[in-house]
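Novice: Input model-v8.cif, format and content: mmCIF, C-alpha atoms and all ligand atoms.
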data_target
#
loop_
_atom_site.label_atom_id
_atom_site.label_comp_id
_atom_site.auth_asym_id
_atom_site.auth_seq_id
_atom_site.Cartn_x
_atom_site.Cartn_y
_atom_site.Cartn_z
CA MET L 1 109.06 103.94 78.59
CA LYS L 2 108.06 104.16 74.91
CA VAL L 3 108.31 101.00 72.84
CA ALA L 4 109.38 101.09 69.19
CA LEU L 5 109.27 98.33 66.58
CA ILE L 6 111.47 98.54 63.48
CA THR L 7 111.27 96.44 60.33
CA GLY L 8 114.51 96.49 58.34
CA ILE L 9 116.48 97.06 61.54
CA THR L 10 119.63 95.47 60.06
CA GLY L 11 119.74 98.01 57.21
CA GLN L 12 121.37 101.43 57.03
CA ASP L 13 118.33 103.39 58.23
CA GLY L 14 117.37 100.72 60.77
CA SER L 15 120.77 101.03 62.43
CA TYR L 16 120.66 104.84 62.64
CA ILE L 17 117.04 105.02 63.90
CA SER L 18 117.88 102.34 66.51
CA GLU L 19 120.71 104.52 67.82
CA LEU L 20 118.44 107.57 67.94
CA LEU L 21 115.62 105.74 69.74
CA LEU L 22 117.94 104.08 72.27
CA ASP L 23 119.45 107.50 73.01
CA GLN L 24 115.93 108.80 73.64
CA GLY L 25 115.32 106.01 76.16
CA TYR L 26 113.02 103.82 74.03
CA GLU L 27 112.74 100.06 74.37
CA VAL L 28 113.68 99.04 70.83
CA HIS L 29 112.45 95.89 69.08
CA GLY L 30 113.33 94.74 65.59
CA ILE L 31 111.86 92.29 63.13
CA VAL L 32 114.53 90.23 61.39
CA ARG L 33 114.59 87.27 59.07
CA ARG L 34 115.37 83.99 60.82
CA VAL L 35 118.50 83.60 58.70
CA ALA L 36 119.85 86.87 60.16
CA LEU L 37 119.57 85.45 63.67
CA GLU L 38 121.42 82.33 62.55
CA TYR L 39 124.31 84.33 61.02
CA PRO L 40 124.45 87.46 63.17
CA GLU L 41 128.09 88.30 62.39
CA HIS L 42 127.42 88.40 58.65
CA ARG L 43 123.89 89.87 58.57
CA MET L 44 124.02 92.28 61.50
CA TRP L 45 127.25 94.19 60.99
CA ARG L 46 125.45 97.55 61.13
CA ILE L 47 123.81 96.89 64.52
CA ARG L 48 126.54 94.70 66.04
CA HIS L 49 127.42 97.46 68.53
CA LEU L 50 123.76 97.66 69.68
CA LEU L 51 122.86 93.98 69.91
CA ASP L 52 122.81 93.77 73.72
CA ARG L 53 120.34 96.69 73.87
CA LEU L 54 117.90 95.51 71.16
CA GLN L 55 115.20 92.85 71.25
CA LEU L 56 115.02 91.00 67.94
CA HIS L 57 112.12 88.86 66.73
CA PRO L 58 112.18 86.47 63.77
CA ALA L 59 109.34 87.11 61.31
CA SER L 60 108.86 87.44 57.58
CA LEU L 61 107.27 90.22 55.55
CA GLU L 62 105.76 87.43 53.47
CA SER L 63 103.86 86.01 56.43
CA TYR L 64 100.96 87.93 57.95
CA PRO L 65 100.66 85.62 60.98
CA SER L 66 104.34 86.01 61.86
CA LEU L 67 104.06 89.84 61.78
CA PHE L 68 100.77 89.82 63.67
CA LYS L 69 102.26 87.71 66.48
CA VAL L 70 105.23 90.05 66.97
CA ILE L 71 103.06 93.19 66.95
CA GLN L 72 100.60 91.65 69.39
CA ARG L 73 103.41 90.61 71.74
CA VAL L 74 105.47 93.84 71.56
CA GLN L 75 102.53 96.31 71.62
CA PRO L 76 104.65 99.13 70.14
CA ASN L 77 103.86 102.82 70.57
CA GLU L 78 105.70 103.55 67.33
CA CYS L 79 106.50 101.40 64.30
CA TYR L 80 109.09 102.27 61.65
CA HIS L 81 108.42 100.14 58.58
CA LEU L 82 111.74 100.36 56.72
CA ALA L 83 112.08 96.82 55.35
CA ALA L 84 111.82 96.56 51.57
CA GLN L 85 113.51 95.33 48.44
CA SER L 86 115.14 98.74 48.07
CA TYR L 87 117.51 98.32 45.12
CA VAL L 88 115.88 99.91 42.06
CA SER L 89 117.97 98.00 39.48
CA TYR L 90 117.01 94.65 40.99
CA SER L 91 113.34 95.59 40.63
CA PHE L 92 113.82 95.44 36.83
CA GLU L 93 115.32 91.93 37.12
CA ASP L 94 112.57 90.62 39.39
CA GLU L 95 109.50 92.84 39.35
CA PHE L 96 107.36 90.21 41.03
CA SER L 97 109.35 89.66 44.20
CA THR L 98 109.82 93.43 44.56
CA MET L 99 106.06 93.97 44.34
CA ASN L 100 105.31 91.07 46.69
CA ALA L 101 107.74 92.14 49.40
CA ASN L 102 107.06 95.86 49.18
CA VAL L 103 103.30 95.98 48.61
CA ASN L 104 102.06 92.91 50.48
CA GLY L 105 104.62 93.34 53.26
CA THR L 106 103.41 96.89 53.88
CA HIS L 107 99.77 95.85 53.65
CA TYR L 108 100.34 93.06 56.20
CA MET L 109 102.03 95.52 58.58
CA LEU L 110 99.18 98.04 58.29
CA SER L 111 96.52 95.41 58.79
CA ALA L 112 98.30 93.73 61.72
CA ILE L 113 98.75 97.06 63.48
CA ARG L 114 95.11 97.93 62.93
CA GLU L 115 94.09 94.58 64.46
CA ALA L 116 96.66 94.12 67.23
CA ALA L 117 97.96 97.60 68.21
CA PRO L 118 95.63 100.30 66.81
CA ASN L 119 97.17 103.06 68.96
CA CYS L 120 100.61 102.48 67.46
CA ARG L 121 101.96 105.34 65.32
CA PHE L 122 103.16 104.01 61.97
CA TYR L 123 105.90 105.32 59.67
CA PHE L 124 106.07 104.10 56.06
CA ALA L 125 109.31 104.59 54.15
CA GLY L 126 108.11 106.28 50.99
CA SER L 127 110.63 107.33 48.36
CA SER L 128 111.44 110.11 45.92
CA GLU L 129 111.44 107.32 43.30
CA MET L 130 107.64 107.76 43.42
CA PHE L 131 108.10 111.06 41.51
CA GLY L 132 110.07 109.23 38.79
CA LYS L 133 109.64 111.16 35.54
CA VAL L 134 109.26 114.37 37.48
CA ARG L 135 106.51 116.86 36.66
CA GLU L 136 108.35 119.75 38.31
CA VAL L 137 111.69 120.64 39.92
CA PRO L 138 111.89 120.71 42.91
CA GLN L 139 109.24 118.22 44.01
CA ASN L 140 107.06 118.69 47.08
CA GLU L 141 104.24 116.80 48.84
CA ASP L 142 101.74 117.91 46.12
CA THR L 143 103.80 116.91 43.07
CA PRO L 144 102.06 114.10 41.10
CA PHE L 145 103.75 110.69 41.02
CA HIS L 146 105.08 109.05 37.84
CA PRO L 147 107.17 106.05 38.97
CA ARG L 148 109.66 104.52 36.50
CA SER L 149 110.27 101.07 38.00
CA ALA L 150 108.49 98.26 39.82
CA TYR L 151 110.26 99.60 42.92
CA GLY L 152 108.76 103.08 42.42
CA ILE L 153 105.32 101.60 41.73
CA SER L 154 105.54 99.45 44.88
CA LYS L 155 106.36 102.54 46.93
CA VAL L 156 103.40 104.47 45.47
CA ALA L 157 101.18 101.50 46.41
CA GLY L 158 102.59 101.45 49.97
CA TYR L 159 102.10 105.21 50.25
CA GLU L 160 98.48 104.96 49.06
CA LEU L 161 97.74 102.01 51.35
CA THR L 162 99.12 103.97 54.31
CA ARG L 163 97.06 107.06 53.39
CA ASN L 164 93.94 104.95 53.04
CA TYR L 165 94.42 103.26 56.43
CA ARG L 166 94.82 106.73 57.96
CA GLU L 167 91.67 108.07 56.29
CA ALA L 168 89.45 104.99 56.48
CA TYR L 169 90.24 103.86 60.02
CA GLY L 170 91.46 107.08 61.67
CA LEU L 171 94.88 105.60 62.52
CA PHE L 172 98.12 107.56 63.06
CA MET L 173 99.86 106.39 59.90
CA LEU L 174 102.02 108.46 57.57
CA SER L 175 104.74 108.35 54.93
CA GLY L 176 108.08 110.08 54.70
CA ILE L 177 109.01 110.79 51.07
CA LEU L 178 112.75 110.49 51.52
CA TYR L 179 115.32 111.37 48.89
CA ASN L 180 118.53 109.37 48.50
CA HIS L 181 120.31 109.15 51.84
CA GLU L 182 123.73 107.65 52.20
CA SER L 183 126.46 106.96 54.76
CA PRO L 184 129.42 104.65 55.39
CA ARG L 185 126.76 102.02 56.24
CA ARG L 186 125.22 102.13 52.74
CA GLY L 187 125.08 98.82 50.84
CA PHE L 188 127.73 98.31 48.16
CA GLU L 189 125.14 97.95 45.37
CA PHE L 190 124.13 101.63 45.56
CA VAL L 191 126.11 104.00 43.40
CA THR L 192 127.58 106.18 46.17
CA ARG L 193 129.06 103.31 48.18
CA LYS L 194 130.09 101.51 45.00
CA ILE L 195 132.10 104.61 44.07
CA THR L 196 133.63 105.31 47.50
CA SER L 197 134.58 101.67 48.13
CA HIS L 198 136.26 101.52 44.71
CA VAL L 199 138.01 104.85 45.31
CA ALA L 200 139.56 103.34 48.44
CA ARG L 201 140.51 100.07 46.75
CA ILE L 202 141.98 101.86 43.72
CA LYS L 203 143.95 104.26 45.92
CA ASN L 204 145.33 101.33 47.92
CA GLY L 205 146.25 99.33 44.82
CA GLN L 206 143.56 96.67 45.28
CA ALA L 207 141.64 97.60 42.08
CA THR L 208 142.17 99.74 39.00
CA GLU L 209 138.70 100.70 37.80
CA VAL L 210 135.00 100.92 38.63
CA ARG L 211 132.25 100.14 36.13
CA LEU L 212 129.25 102.47 36.25
CA GLY L 213 126.11 103.13 34.24
CA ASN L 214 124.49 106.54 33.70
CA LEU L 215 126.79 109.29 35.00
CA ASP L 216 124.34 112.07 34.11
CA ALA L 217 121.51 111.06 36.47
CA LYS L 218 121.05 113.67 39.21
CA ARG L 219 120.11 112.90 42.77
CA ASP L 220 119.42 114.91 45.93
CA TRP L 221 121.83 113.17 48.31
CA GLY L 222 121.74 113.60 52.09
CA HIS L 223 123.11 111.79 55.15
CA ALA L 224 121.01 108.92 56.55
CA ARG L 225 121.69 110.05 60.14
CA ASP L 226 119.90 113.34 59.40
CA TYR L 227 117.02 111.61 57.65
CA VAL L 228 116.10 109.18 60.45
CA ARG L 229 115.73 112.22 62.72
CA ALA L 230 113.00 113.46 60.36
CA MET L 231 111.25 110.06 60.56
CA TRP L 232 111.15 110.27 64.34
CA LEU L 233 109.95 113.89 64.33
CA MET L 234 107.04 112.96 62.02
CA LEU L 235 105.72 110.51 64.59
CA GLN L 236 105.95 113.10 67.40
CA GLN L 237 103.47 115.51 65.77
CA ASP L 238 99.83 116.00 66.81
CA THR L 239 98.45 114.90 63.44
CA PRO L 240 99.67 112.32 60.91
CA GLU L 241 100.82 113.92 57.65
CA ASP L 242 103.22 113.03 54.84
CA TYR L 243 106.53 114.88 54.47
CA VAL L 244 109.26 115.35 51.84
CA VAL L 245 112.77 114.99 53.32
CA SER L 246 115.61 116.27 51.13
CA THR L 247 118.51 118.72 50.98
CA GLY L 248 117.17 120.76 48.04
CA GLU L 249 120.48 120.30 46.18
CA SER L 250 120.93 118.03 43.20
CA HIS L 251 124.23 116.56 41.95
CA SER L 252 125.01 114.16 39.11
CA VAL L 253 126.62 110.75 39.56
CA ARG L 254 129.56 112.24 37.63
CA GLU L 255 129.93 115.04 40.22
CA PHE L 256 129.84 112.47 43.03
CA ALA L 257 132.54 110.39 41.32
CA ASP L 258 134.64 113.45 40.50
CA LEU L 259 134.61 114.67 44.11
CA ALA L 260 135.19 111.21 45.61
CA PHE L 261 138.25 110.54 43.42
CA ARG L 262 139.60 114.07 43.94
CA THR L 263 139.38 113.55 47.72
CA VAL L 264 142.26 111.05 47.44
CA GLY L 265 144.10 112.93 44.70
CA LEU L 266 142.86 110.86 41.72
CA ASN L 267 141.05 111.78 38.51
CA TYR L 268 137.78 109.86 38.01
CA GLU L 269 138.23 109.91 34.22
CA ASP L 270 141.26 107.63 34.62
CA HIS L 271 139.31 104.95 36.53
CA VAL L 272 135.58 105.06 35.66
CA ARG L 273 134.46 102.80 32.80
CA ILE L 274 130.94 102.97 31.38
CA ASP L 275 129.18 99.62 31.29
CA GLN L 276 126.08 99.66 29.09
CA ASN L 277 124.66 96.73 31.09
CA LEU L 278 124.32 99.04 34.08
CA ILE L 279 122.06 101.51 32.26
CA ARG L 280 118.47 101.07 33.49
CA PRO L 281 115.60 100.36 31.05
CA ALA L 282 113.82 103.46 32.42
CA GLU L 283 115.84 106.06 34.29
CA VAL L 284 114.85 108.75 36.77
CA ASP L 285 116.86 111.65 35.34
CA ILE L 286 116.65 114.20 38.11
CA LEU L 287 115.44 114.29 41.68
CA CYS L 288 115.48 117.43 43.79
CA GLY L 289 113.25 117.85 46.83
CA ASP L 290 111.57 120.86 48.39
CA ALA L 291 111.55 120.12 52.14
CA THR L 292 109.88 123.41 53.16
CA LYS L 293 107.07 121.58 54.97
CA SER L 294 109.56 119.52 57.02
CA LYS L 295 111.45 122.69 57.91
CA GLU L 296 108.34 124.60 58.93
CA LYS L 297 106.35 121.88 60.72
CA LEU L 298 109.06 119.53 62.02
CA ASN L 299 111.77 122.14 62.48
CA TRP L 300 113.96 119.70 60.56
CA GLU L 301 116.96 120.60 58.45
CA HIS L 302 119.78 118.53 57.05
CA SER L 303 123.10 119.11 58.78
CA THR L 304 125.53 117.30 56.45
CA SER L 305 126.44 118.90 53.12
CA PHE L 306 127.09 116.99 49.89
CA GLU L 307 130.83 117.64 50.24
CA GLU L 308 130.87 116.44 53.87
CA LEU L 309 128.92 113.31 52.94
CA VAL L 310 131.31 112.35 50.15
CA GLY L 311 134.29 113.10 52.42
CA GLU L 312 132.94 110.97 55.29
CA MET L 313 132.19 108.01 53.02
CA VAL L 314 135.58 108.09 51.30
CA GLU L 315 137.40 108.46 54.62
CA ALA L 316 135.53 105.50 56.15
CA ASP L 317 136.23 103.30 53.12
CA MET L 318 139.91 104.30 53.05
CA LYS L 319 140.22 103.25 56.67
CA ALA L 320 138.30 99.98 56.08
CA SER L 321 140.38 99.13 53.04
CA GLU L 322 143.58 99.70 55.03
CA ASP L 323 142.53 97.56 58.02
CA GLY L 324 141.11 94.80 55.78
CA SER L 325 137.48 95.19 56.86
CA LEU L 326 136.18 96.64 53.57
CA VAL L 327 135.54 93.19 52.09
CA THR L 328 133.75 91.79 55.11
CA ASN L 329 132.11 94.95 56.41
CA GLY L 330 129.09 94.56 54.16
CA PRO L 331 126.26 92.38 53.00
O1 LIG B 1 122.38 104.52 44.12
P1 LIG B 1 121.24 104.12 43.27
O2 LIG B 1 121.11 102.67 42.96
O3 LIG B 1 119.95 104.72 43.96
P2 LIG B 1 118.47 105.05 43.39
O4 LIG B 1 118.12 104.20 42.24
O5 LIG B 1 118.39 106.54 43.18
O6 LIG B 1 117.55 104.63 44.62
C1 LIG B 1 117.90 104.91 45.96
O7 LIG B 1 117.26 106.09 46.39
C2 LIG B 1 115.82 106.02 46.45
C3 LIG B 1 115.31 107.37 46.94
O8 LIG B 1 115.29 108.27 45.85
C4 LIG B 1 115.40 104.91 47.37
F1 LIG B 1 114.06 104.84 47.44
C5 LIG B 1 115.97 103.59 46.86
O9 LIG B 1 115.63 102.55 47.75
C6 LIG B 1 117.49 103.72 46.81
O10 LIG B 1 117.96 103.91 48.13
O11 LIG B 1 121.33 104.89 41.84
C7 LIG B 1 121.45 106.29 41.77
C8 LIG B 1 121.71 106.70 40.33
C9 LIG B 1 120.74 106.09 39.31
O12 LIG B 1 120.34 107.09 38.41
C10 LIG B 1 121.57 105.03 38.57
O13 LIG B 1 121.17 104.81 37.22
O14 LIG B 1 123.01 106.24 39.94
C11 LIG B 1 122.94 105.69 38.63
N1 LIG B 1 124.03 104.74 38.47
C12 LIG B 1 125.03 104.85 37.54
N2 LIG B 1 125.87 103.81 37.63
C13 LIG B 1 124.23 103.60 39.15
C14 LIG B 1 125.39 103.02 38.63
N3 LIG B 1 123.54 103.05 40.18
C15 LIG B 1 124.01 101.89 40.71
N4 LIG B 1 123.35 101.35 41.76
N5 LIG B 1 125.14 101.27 40.22
C16 LIG B 1 125.86 101.80 39.18
O15 LIG B 1 126.87 101.22 38.75
#
In structure tokens, how does this file's structure come out?

Specialist:
Amino acid sequence: MKVALITGITGQDGSYISELLLDQGYEVHGIVRRVALEYPEHRMWRIRHLLDRLQLHPASLESYPSLFKVIQRVQPNECYHLAAQSYVSYSFEDEFSTMNANVNGTHYMLSAIREAAPNCRFYFAGSSEMFGKVREVPQNEDTPFHPRSAYGISKVAGYELTRNYREAYGLFMLSGILYNHESPRRGFEFVTRKITSHVARIKNGQATEVRLGNLDAKRDWGHARDYVRAMWLMLQQDTPEDYVVSTGESHSVREFADLAFRTVGLNYEDHVRIDQNLIRPAEVDILCGDATKSKEKLNWEHSTSFEELVGEMVEADMKASEDGSLVTNGP
């Protein structure tokens, strides 16, 4: 039986990759913060339905010895390093903790695997934010990086560290360059879930408006369930390589809001207010990925369209707002 270790197992992607790996018959281990183990109901809502099939270990991305001990004990065949400070806006408020968690945390994982489980295949969660001020549209694996936030810079550093461990020590380590991927399990701080949760609350009379920042930013939005499949496929290949994972379609925040409100028969212009405080000091204007390599080498393609994604998220939030779980069903 293959053994997998996941950092960030309580997050959106961690929950979907756990389901996929359990379905494939893996023994699945997760690294969690001690506080999550103390408050499982609050911190583990995304993996609540899997808890009796997962083995969770307390450790911190800030502590090399704690990560080393878990890796040495678990001896994983595959490691999915998904944990990060992943909210771009927050990285402007606290650049230092974003860099510490994302760069050092990744470095500790790479080093601990090299020392304690060198045959383990390692996935690093790279990001389309690495392209930032894009040099071309669409972007592929050869497009130069120009990150626009401490978050983007931290992801470039993690990507380069992973590449260097692969080249210097001959380890099976790679990065997925994933574009925005969403679902009903997305955190409320990200724009898609912020919009769909407000759509539901406004429709049900629990709110009247939603405050947003830049409506003109364009993103290549896919479904997280599709994207974790690409992560897994990357680690099943003969050689470790980096891959772009995207839909190849770009839509503005305005289009997302328009469609989400229309789904419940409302007009976004009546409910969206622009809040200048939510405009980022440096914005990534457009992201659109070229996933040709993933299609050709991994035989991967996204299966959920933009329209289906918006529909699924609105429907889930409508249901949660009606049964009262929308407030609690989140971080
Ligand atoms: O939903 P977002 O916060 O996601 P962002 O910044 O694109 O990053 C996400 O995708 C990356 C992959 O490309 C990941 F690496 C990263 O971890 C994260 O998952 O913002 C999307 C866009 C931005 O242009 C932002 O300026 O929406 C715009 N926006 C407008 N109003 C807003 C808001 N974003 C947020 N979060 N909240 C707003 O009120």

Novice: Using only C-alpha atoms, find all polymer residues with an atom at most 9 Å away from the point (117.0, 86.3, 56.8); report them as a PyMOL selection string.

Specialist: chain L and resi 32-39+43+58-60

Novice: For each of L:Leu212, L:Lys203, L:Arg185, L:Arg229, take the minimum atom-to-atom distance to Leu309 of chain L, counting all atoms listed in the file, then give the residue where this is smallest.

Specialist: L:Arg185

Novice: One number please: atom CA of Glu301 of chain L to atom CA of Asp220 of chain L, in Å, one decimal.

Specialist: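 These atoms are spaced 14.0 Å apart.
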
Novice: Report as a Markdown table the residues of chain L within 7 Å of ligand LIG 1 (chain B), each with its shortest atom pair and distance in Å (one decimal), using all atoms listed in the file, ordered by chain and increasing residue number.

Specialist:
| residue | atom | partner | partner_atom | distance |
| --- | --- | --- | --- | --- |
| L:Ser86 | CA | B:LIG1 | O9 | 3.9 |
| L:Tyr87 | CA | B:LIG1 | O9 | 5.3 |
| L:Val88 | CA | B:LIG1 | O4 | 4.8 |
| L:Ser89 | CA | B:LIG1 | O2 | 6.6 |
| L:Ser127 | CA | B:LIG1 | F1 | 4.3 |
| L:Ser128 | CA | B:LIG1 | O8 | 4.3 |
| L:Glu129 | CA | B:LIG1 | O8 | 4.7 |
| L:Leu178 | CA | B:LIG1 | C3 | 6.1 |
| L:Tyr179 | CA | B:LIG1 | O8 | 4.3 |
| L:Asn180 | CA | B:LIG1 | C3 | 4.1 |
| L:His181 | CA | B:LIG1 | O10 | 6.8 |
| L:Glu189 | CA | B:LIG1 | N4 | 5.3 |
| L:Phe190 | CA | B:LIG1 | O1 | 3.7 |
| L:Val191 | CA | B:LIG1 | O1 | 3.8 |
| L:Thr192 | CA | B:LIG1 | O1 | 5.8 |
| L:Lys194 | CA | B:LIG1 | N5 | 6.9 |
| L:Arg211 | CA | B:LIG1 | O15 | 6.1 |
| L:Leu212 | CA | B:LIG1 | O15 | 3.7 |
| L:Gly213 | CA | B:LIG1 | N2 | 3.5 |
| L:Asn214 | CA | B:LIG1 | C12 | 4.2 |
| L:Leu215 | CA | B:LIG1 | C12 | 5.4 |
| L:Ala217 | CA | B:LIG1 | O12 | 4.6 |
| L:Lys218 | CA | B:LIG1 | O12 | 6.7 |
| L:Arg219 | CA | B:LIG1 | O5 | 6.6 |
| L:Val253 | CA | B:LIG1 | O14 | 5.8 |
| L:Leu278 | CA | B:LIG1 | O15 | 5.8 |
| L:Ile279 | CA | B:LIG1 | O13 | 6.0 |
| L:Arg280 | CA | B:LIG1 | O13 | 5.9 |
| L:Glu283 | CA | B:LIG1 | O12 | 6.2 |
| L:Val284 | CA | B:LIG1 | O12 | 6.0 |
| L:Asp285 | CA | B:LIG1 | O12 | 6.5 |

Novice: Restrict the calculation to all atoms listed in the file, then for each residue of segment 148-229 of chain L with any atom at most 9 Å from an atom of segment 121-126 of chain L give the closest atom pair and their distance in Å to one decimal, rows by chain and rising residue number, as JSON lines.

Specialist:
{"residue": "L:Lys155", "atom": "CA", "partner": "L:Gly126", "partner_atom": "CA", "distance": 5.8}
{"residue": "L:Val156", "atom": "CA", "partner": "L:Gly126", "partner_atom": "CA", "distance": 7.5}
{"residue": "L:Gly158", "atom": "CA", "partner": "L:Gly126", "partner_atom": "CA", "distance": 7.4}
{"residue": "L:Tyr159", "atom": "CA", "partner": "L:Gly126", "partner_atom": "CA", "distance": 6.1}
{"residue": "L:Thr162", "atom": "CA", "partner": "L:Phe124", "partner_atom": "CA", "distance": 7.2}
{"residue": "L:Leu171", "atom": "CA", "partner": "L:Arg121", "partner_atom": "CA", "distance": 7.6}
{"residue": "L:Phe172", "atom": "CA", "partner": "L:Arg121", "partner_atom": "CA", "distance": 5.0}
{"residue": "L:Met173", "atom": "CA", "partner": "L:Phe122", "partner_atom": "CA", "distance": 4.6}
{"residue": "L:Leu174", "atom": "CA", "partner": "L:Tyr123", "partner_atom": "CA", "distance": 5.4}
{"residue": "L:Ser175", "atom": "CA", "partner": "L:Phe124", "partner_atom": "CA", "distance": 4.6}
{"residue": "L:Gly176", "atom": "CA", "partner": "L:Gly126", "partner_atom": "CA", "distance": 5.3}
{"residue": "L:Ile177", "atom": "CA", "partner": "L:Gly126", "partner_atom": "CA", "distance": 4.6}
{"residue": "L:Leu178", "atom": "CA", "partner": "L:Gly126", "partner_atom": "CA", "distance": 6.3}

Novice: For a test of reading the model, state the distance in Å between atom CA of Pro144 of chain L and atom CA of Gly132 of chain L, rounded to one decimal.

Specialist: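 Taking atom CA of Pro144 of chain L and atom CA of Gly132 of chain L, their separation equals 9.7 Å.
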
Novice: For Glu115 of chain L, which residue among L:Pro40, L:Pro184, L:Pro65, L:Gly222 is the nearest when counting all atoms listed in the file?

Specialist: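 Among L:Pro40, L:Pro184, L:Pro65, L:Gly222, it is L:Pro65 that comes nearest to Glu115 of chain L.
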
Novice: If I take atom CA of Asn140 of chain L and atom CA of Lys293 of chain L, how far is one from the other in Å, to one decimal?

Specialist: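 Computed distance, atom CA of Asn140 of chain L to atom CA of Lys293 of chain L, equals 8.4 Å.
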
Novice: Quick one: residues within 9 Å of Ala260 of chain L, all atoms listed in the file counted, chain neighbours fewer than 6 positions away excluded, as a list in words?

Specialist: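 Close residues of Ala260 of chain L: Ile195, Thr196, Val199, Leu266, Tyr268, Val310, Gly311, Met313 and Val314 of chain L.
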
Novice: Show me as a list in words the residues that reach within 12 Å of (108.2, 119.2, 67.9), counting only C-alpha atoms and using the file's own coordinates.

Specialist: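 Every polymer residue passing the test: Arg229, Ala230, Trp232, Leu233, Met234, Leu235, Gln236, Gln237, Asp238, Thr239, Ser294, Lys295, Glu296, Lys297, Leu298, Asn299 and Trp300 of chain L.
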
Novice: Using all atoms listed in the file, which of the listed residues (L:Asp226, L:Glu160, L:Glu78, L:Asp317) sits closest to Ile202 of chain L?

Specialist: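 Smallest distance to Ile202 of chain L is found for L:Asp317.
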
Novice: Please determine, counting only C-alpha atoms, which residue among L:Ser97, L:Ser197, L:Thr10, L:Thr208 has the shortest atom-to-atom distance to Leu50 of chain L.

Specialist: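 Ranked by minimum distance to Leu50 of chain L, first place goes to L:Thr10.
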
Novice: Would you give the centre and edge lengths, in Å to one decimal, of a box along x, y and z around the listed atoms of segment 131-134 of chain L, with 8 Å added to each side, as JSON?

Specialist:
{"center_x": 109.1, "center_y": 111.8, "center_z": 38.5, "size_x": 18.0, "size_y": 21.1, "size_z": 22.0}

Novice: Go through L:Asp290, L:Gly30, L:Val134, L:Leu51 one by one, measure the shortest atom-to-atom distance of each to Tyr243 of chain L using all atoms listed in the file, and give the residue with the smallest value.

Specialist: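 Of L:Asp290, L:Gly30, L:Val134, L:Leu51, the one nearest Tyr243 of chain L, counting all atoms listed in the file, is L:Asp290.
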
Novice: Measuring between all atoms listed in the file, which one of L:Leu82, L:Ala4, L:Met130, L:Ala200 shows the shortest distance to Gln55 of chain L?

Specialist: L:Ala4
